[in-house]
Amino acid sequence: MKFITADTYEKLSRQAANIISAQVIIKPDSVLGLATGSSPLGAYKQLIEWYKKGDIDFSGVTSVNLDEYVGLNGSNEQSYRYFMNKNFFEHININIDNTYVPDGCASDLKAEGESYDRRIEMLGGIDLQLLGIGLDGHIGFNEPDRYFVKSTHVVDLHESTIKANSRFFKNIGEVPKQAITMGMVSIMQAKKILLIASGKLKREILEKAFYGPITPEIPASILQLHPDITVIYSEN
Ligand code: F6R
């Protein structure tokens, strides 16, 4: 594991964007596993800037996102599809048909999970998976549990996650209680993993996840077993 400490969130974002752009330059038809939330926003902004300068070409890239709220469709401003379109996809030349986010409104969410995993398999797996980490150690929406869940599945969000994510909603009552998330197999089979986290609040969970025992109680701890993972942390 490579653990990098950046002085500021801006530097963290630049380093993360560097790793992502190197991946795309080396393999223009990369499959990128992408995340939402506050952590990747700076990296997306930087990548957009480099794209506009003509330094990166996303036309051959396919993306698969980690998760989506159950019950929110892509036109809902709080959905992760909307987030990705607004904060990244609309500003680069990725083919929108090659961007995948689990469908949180599918009538059969179990079947949606299965077909999402099949799609990732058909794409040949993920080349680079970008991750954030929740305060309870979740990655994607794999919440602390008694076991690691392998496939894309529906989860009940924990109170702490609902509370943390309520900052994006008008009030906490509006935060969906469930999400559909990629499971541990697709994440762990990614050829490379890049996890980014910033802020003093994330320090303790990072220590537990990467220097403590591997346990489903801290889902991110499984990443200790990944052969090619880079973690970038900035305190500010
Ligand atoms: C989002 C996701 C989540 C976030 C995590 C951290 O797609 O998969 O695991 O990465 O909740 O969120 P932020 O970055 O907002 O602190």
# chains A, B, ... in the order shown; residues from 1 in each chain; ligands from 1
call {"tool": "closest_atom_pairs", "arguments": {"of": "stretch 66-183 of chain A", "to": "stretch 57-60 of chain A", "cutoff": "7 Å", "atoms": "only C-alpha atoms", "output": "JSON lines"}}
result
{"residue": "A:Ile92", "atom": "CA", "partner": "A:Phe58", "partner_atom": "CA", "distance": 6.8}
{"residue": "A:Asn93", "atom": "CA", "partner": "A:Ser59", "partner_atom": "CA", "distance": 5.4}
{"residue": "A:Ile94", "atom": "CA", "partner": "A:Ser59", "partner_atom": "CA", "distance": 4.7}
{"residue": "A:Asn95", "atom": "CA", "partner": "A:Ser59", "partner_atom": "CA", "distance": 6.1}
call {"tool": "residues_near_ligand", "arguments": {"ligand": "ligand 1", "cutoff": "10 Å", "atoms": "only C-alpha atoms and all ligand atoms", "output": "MDAnalysis selection string"}}
result
chainID A and resid 33:41 65:69 80 83:84 101 130:143 161:162 164:165 167:168 181:182 195:199 201:202 220
call {"tool": "closest_residue", "arguments": {"among": "A:Arg146, A:Lys110, A:Arg14, A:Arg118", "to": "A:Ile218", "atoms": "only C-alpha atoms"}}
result
A:Arg146
call {"tool": "residues_around", "arguments": {"residues": "stretch 18-25 of chain A", "least_positions_apart": "6", "cutoff": "9 Å", "atoms": "only C-alpha atoms", "output": "PyMOL selection string"}}
result
chain A and resi 31-32+43+46-47+50+55-58+60-61+127-128+130+194
call {"tool": "select_by_dssp", "arguments": {"residues": "stretch 27-216 of chain A", "states": "strand (DSSP E or B)", "output": "NGL selection string"}}
result
:A and (31-34 or 62-65 or 67-69 or 99-100 or 128-131 or 139 or 142 or 153-156 or 178-181 or 192-198)
call {"tool": "select_by_dssp", "arguments": {"residues": "stretch 45-134 of chain A", "states": "alpha helix (DSSP H)", "output": "PyMOL selection string"}}
result
chain A and resi 45-52+80-87+109-122
call {"tool": "write_last_selection", "arguments": {"atoms": "N, CA, C and O atoms", "output": "compact mmCIF listing (two decimals), in the first residue's frame"}}
result
# COMPACT_ATOMS: atom_id res chain seq x y z
N LYS A 45 -12.70 18.28 -10.92
CA LYS A 45 -12.51 19.65 -11.41
C LYS A 45 -11.17 19.78 -12.14
O LYS A 45 -11.08 20.37 -13.23
N GLN A 46 -10.15 19.18 -11.55
CA GLN A 46 -8.82 19.23 -12.15
C GLN A 46 -8.80 18.48 -13.49
O GLN A 46 -8.22 18.95 -14.48
N LEU A 47 -9.44 17.33 -13.52
CA LEU A 47 -9.47 16.55 -14.77
C LEU A 47 -10.19 17.31 -15.88
O LEU A 47 -9.79 17.29 -17.04
N ILE A 48 -11.27 18.00 -15.49
CA ILE A 48 -12.02 18.81 -16.47
C ILE A 48 -11.10 19.90 -17.04
O ILE A 48 -11.07 20.14 -18.26
N GLU A 49 -10.35 20.52 -16.15
CA GLU A 49 -9.42 21.59 -16.57
C GLU A 49 -8.39 21.04 -17.57
O GLU A 49 -8.15 21.64 -18.62
N TRP A 50 -7.82 19.88 -17.25
CA TRP A 50 -6.82 19.29 -18.15
C TRP A 50 -7.47 18.86 -19.47
O TRP A 50 -6.87 18.98 -20.52
N TYR A 51 -8.71 18.38 -19.38
CA TYR A 51 -9.42 18.01 -20.62
C TYR A 51 -9.59 19.25 -21.51
O TYR A 51 -9.33 19.21 -22.71
N LYS A 52 -10.01 20.36 -20.88
CA LYS A 52 -10.25 21.59 -21.65
C LYS A 52 -8.97 22.11 -22.28
O LYS A 52 -9.01 22.75 -23.32
N TYR A 80 -27.03 10.17 -7.56
CA TYR A 80 -25.62 10.10 -7.91
C TYR A 80 -25.40 10.18 -9.42
O TYR A 80 -24.36 10.64 -9.87
N ARG A 81 -26.40 9.75 -10.19
CA ARG A 81 -26.31 9.93 -11.66
C ARG A 81 -26.25 11.43 -11.98
O ARG A 81 -25.44 11.88 -12.77
N TYR A 82 -27.13 12.20 -11.33
CA TYR A 82 -27.17 13.64 -11.57
C TYR A 82 -25.83 14.26 -11.16
O TYR A 82 -25.26 15.08 -11.88
N PHE A 83 -25.34 13.85 -9.99
CA PHE A 83 -24.06 14.36 -9.49
C PHE A 83 -22.95 14.13 -10.52
O PHE A 83 -22.17 15.02 -10.82
N MET A 84 -22.89 12.91 -11.06
CA MET A 84 -21.81 12.59 -12.00
C MET A 84 -21.95 13.40 -13.29
O MET A 84 -20.96 13.90 -13.82
N ASN A 85 -23.18 13.51 -13.78
CA ASN A 85 -23.39 14.28 -15.01
C ASN A 85 -22.96 15.73 -14.81
O ASN A 85 -22.22 16.29 -15.63
N LYS A 86 -23.43 16.32 -13.70
CA LYS A 86 -23.18 17.76 -13.47
C LYS A 86 -21.72 18.05 -13.12
O LYS A 86 -21.17 19.08 -13.52
N ASN A 87 -21.12 17.18 -12.33
CA ASN A 87 -19.77 17.48 -11.82
C ASN A 87 -18.64 16.93 -12.67
O ASN A 87 -17.49 17.25 -12.43
N LEU A 109 -34.55 -4.71 -7.96
CA LEU A 109 -33.21 -4.22 -7.61
C LEU A 109 -32.19 -5.36 -7.52
O LEU A 109 -31.00 -5.16 -7.75
N LYS A 110 -32.69 -6.56 -7.22
CA LYS A 110 -31.78 -7.71 -7.14
C LYS A 110 -31.25 -8.01 -8.55
O LYS A 110 -30.05 -8.19 -8.76
N ALA A 111 -32.19 -8.00 -9.51
CA ALA A 111 -31.79 -8.24 -10.91
C ALA A 111 -30.87 -7.12 -11.40
O ALA A 111 -29.92 -7.36 -12.15
N GLU A 112 -31.15 -5.90 -10.98
CA GLU A 112 -30.30 -4.76 -11.36
C GLU A 112 -28.86 -4.98 -10.85
O GLU A 112 -27.89 -4.76 -11.58
N GLY A 113 -28.76 -5.45 -9.61
CA GLY A 113 -27.43 -5.73 -9.03
C GLY A 113 -26.71 -6.80 -9.84
O GLY A 113 -25.52 -6.66 -10.16
N GLU A 114 -27.44 -7.85 -10.18
CA GLU A 114 -26.81 -8.95 -10.93
C GLU A 114 -26.35 -8.46 -12.30
O GLU A 114 -25.26 -8.79 -12.76
N SER A 115 -27.20 -7.66 -12.96
CA SER A 115 -26.81 -7.23 -14.30
C SER A 115 -25.67 -6.20 -14.23
O SER A 115 -24.83 -6.14 -15.12
N TYR A 116 -25.61 -5.45 -13.14
CA TYR A 116 -24.49 -4.49 -12.97
C TYR A 116 -23.17 -5.26 -12.85
O TYR A 116 -22.17 -4.92 -13.48
N ASP A 117 -23.19 -6.33 -12.06
CA ASP A 117 -21.97 -7.14 -11.90
C ASP A 117 -21.57 -7.80 -13.21
O ASP A 117 -20.39 -7.88 -13.55
N ARG A 118 -22.58 -8.28 -13.93
CA ARG A 118 -22.30 -8.93 -15.24
C ARG A 118 -21.68 -7.92 -16.19
O ARG A 118 -20.75 -8.21 -16.93
N ARG A 119 -22.21 -6.69 -16.15
CA ARG A 119 -21.68 -5.65 -17.04
C ARG A 119 -20.20 -5.39 -16.74
O ARG A 119 -19.38 -5.32 -17.65
N ILE A 120 -19.89 -5.28 -15.47
CA ILE A 120 -18.50 -5.02 -15.07
C ILE A 120 -17.61 -6.17 -15.54
O ILE A 120 -16.51 -5.96 -16.08
N GLU A 121 -18.13 -7.38 -15.40
CA GLU A 121 -17.38 -8.56 -15.84
C GLU A 121 -17.15 -8.51 -17.35
O GLU A 121 -16.05 -8.73 -17.84
N MET A 122 -18.23 -8.17 -18.10
CA MET A 122 -18.14 -8.10 -19.56
C MET A 122 -17.16 -7.02 -20.02
O MET A 122 -16.53 -7.13 -21.07
call {"tool": "atom_distance", "arguments": {"atom1": "atom CA of A:Ser234", "atom2": "atom CA of A:Ala6"}}
result
4.8 Å
call {"tool": "residues_around", "arguments": {"residues": "A:Ser13", "least_positions_apart": "4", "cutoff": "7 Å", "atoms": "only C-alpha atoms", "output": "list in words"}}
result
Tyr9, Ala17, Gly42 and Ala43 of chain A
call {"tool": "atom_distance", "arguments": {"atom1": "atom CA of A:Ser166", "atom2": "atom CA of A:Ile180"}}
result
17.5 Å
call {"tool": "residues_around", "arguments": {"residues": "A:Tyr147", "least_positions_apart": "6", "cutoff": "9 Å", "atoms": "only C-alpha atoms", "output": "PDB file with N, CA and C atoms, in the first residue's frame"}}
result
ATOM      1  N   THR A 215     -11.699  -6.492   9.109  1.00  0.00           N
ATOM      2  CA  THR A 215     -12.987  -6.945   9.641  1.00  0.00           C
ATOM      3  C   THR A 215     -14.133  -6.273   8.870  1.00  0.00           C
ATOM      4  N   PRO A 216     -15.236  -7.021   8.639  1.00  0.00           N
ATOM      5  CA  PRO A 216     -16.389  -6.402   7.964  1.00  0.00           C
ATOM      6  C   PRO A 216     -17.027  -5.289   8.785  1.00  0.00           C
ATOM      7  N   GLU A 217     -16.637  -5.210  10.075  1.00  0.00           N
ATOM      8  CA  GLU A 217     -17.129  -4.089  10.895  1.00  0.00           C
ATOM      9  C   GLU A 217     -16.545  -2.771  10.389  1.00  0.00           C
ATOM     10  N   PRO A 219     -15.582  -1.933   6.741  1.00  0.00           N
ATOM     11  CA  PRO A 219     -15.512  -2.484   5.382  1.00  0.00           C
ATOM     12  C   PRO A 219     -14.225  -2.129   4.624  1.00  0.00           C
TER      13      PRO A 219
END
call {"tool": "residues_around", "arguments": {"residues": "A:Tyr211", "least_positions_apart": "4", "cutoff": "10 Å", "atoms": "only C-alpha atoms", "output": "ChimeraX atom specification"}}
result
/A:205-207,221,224
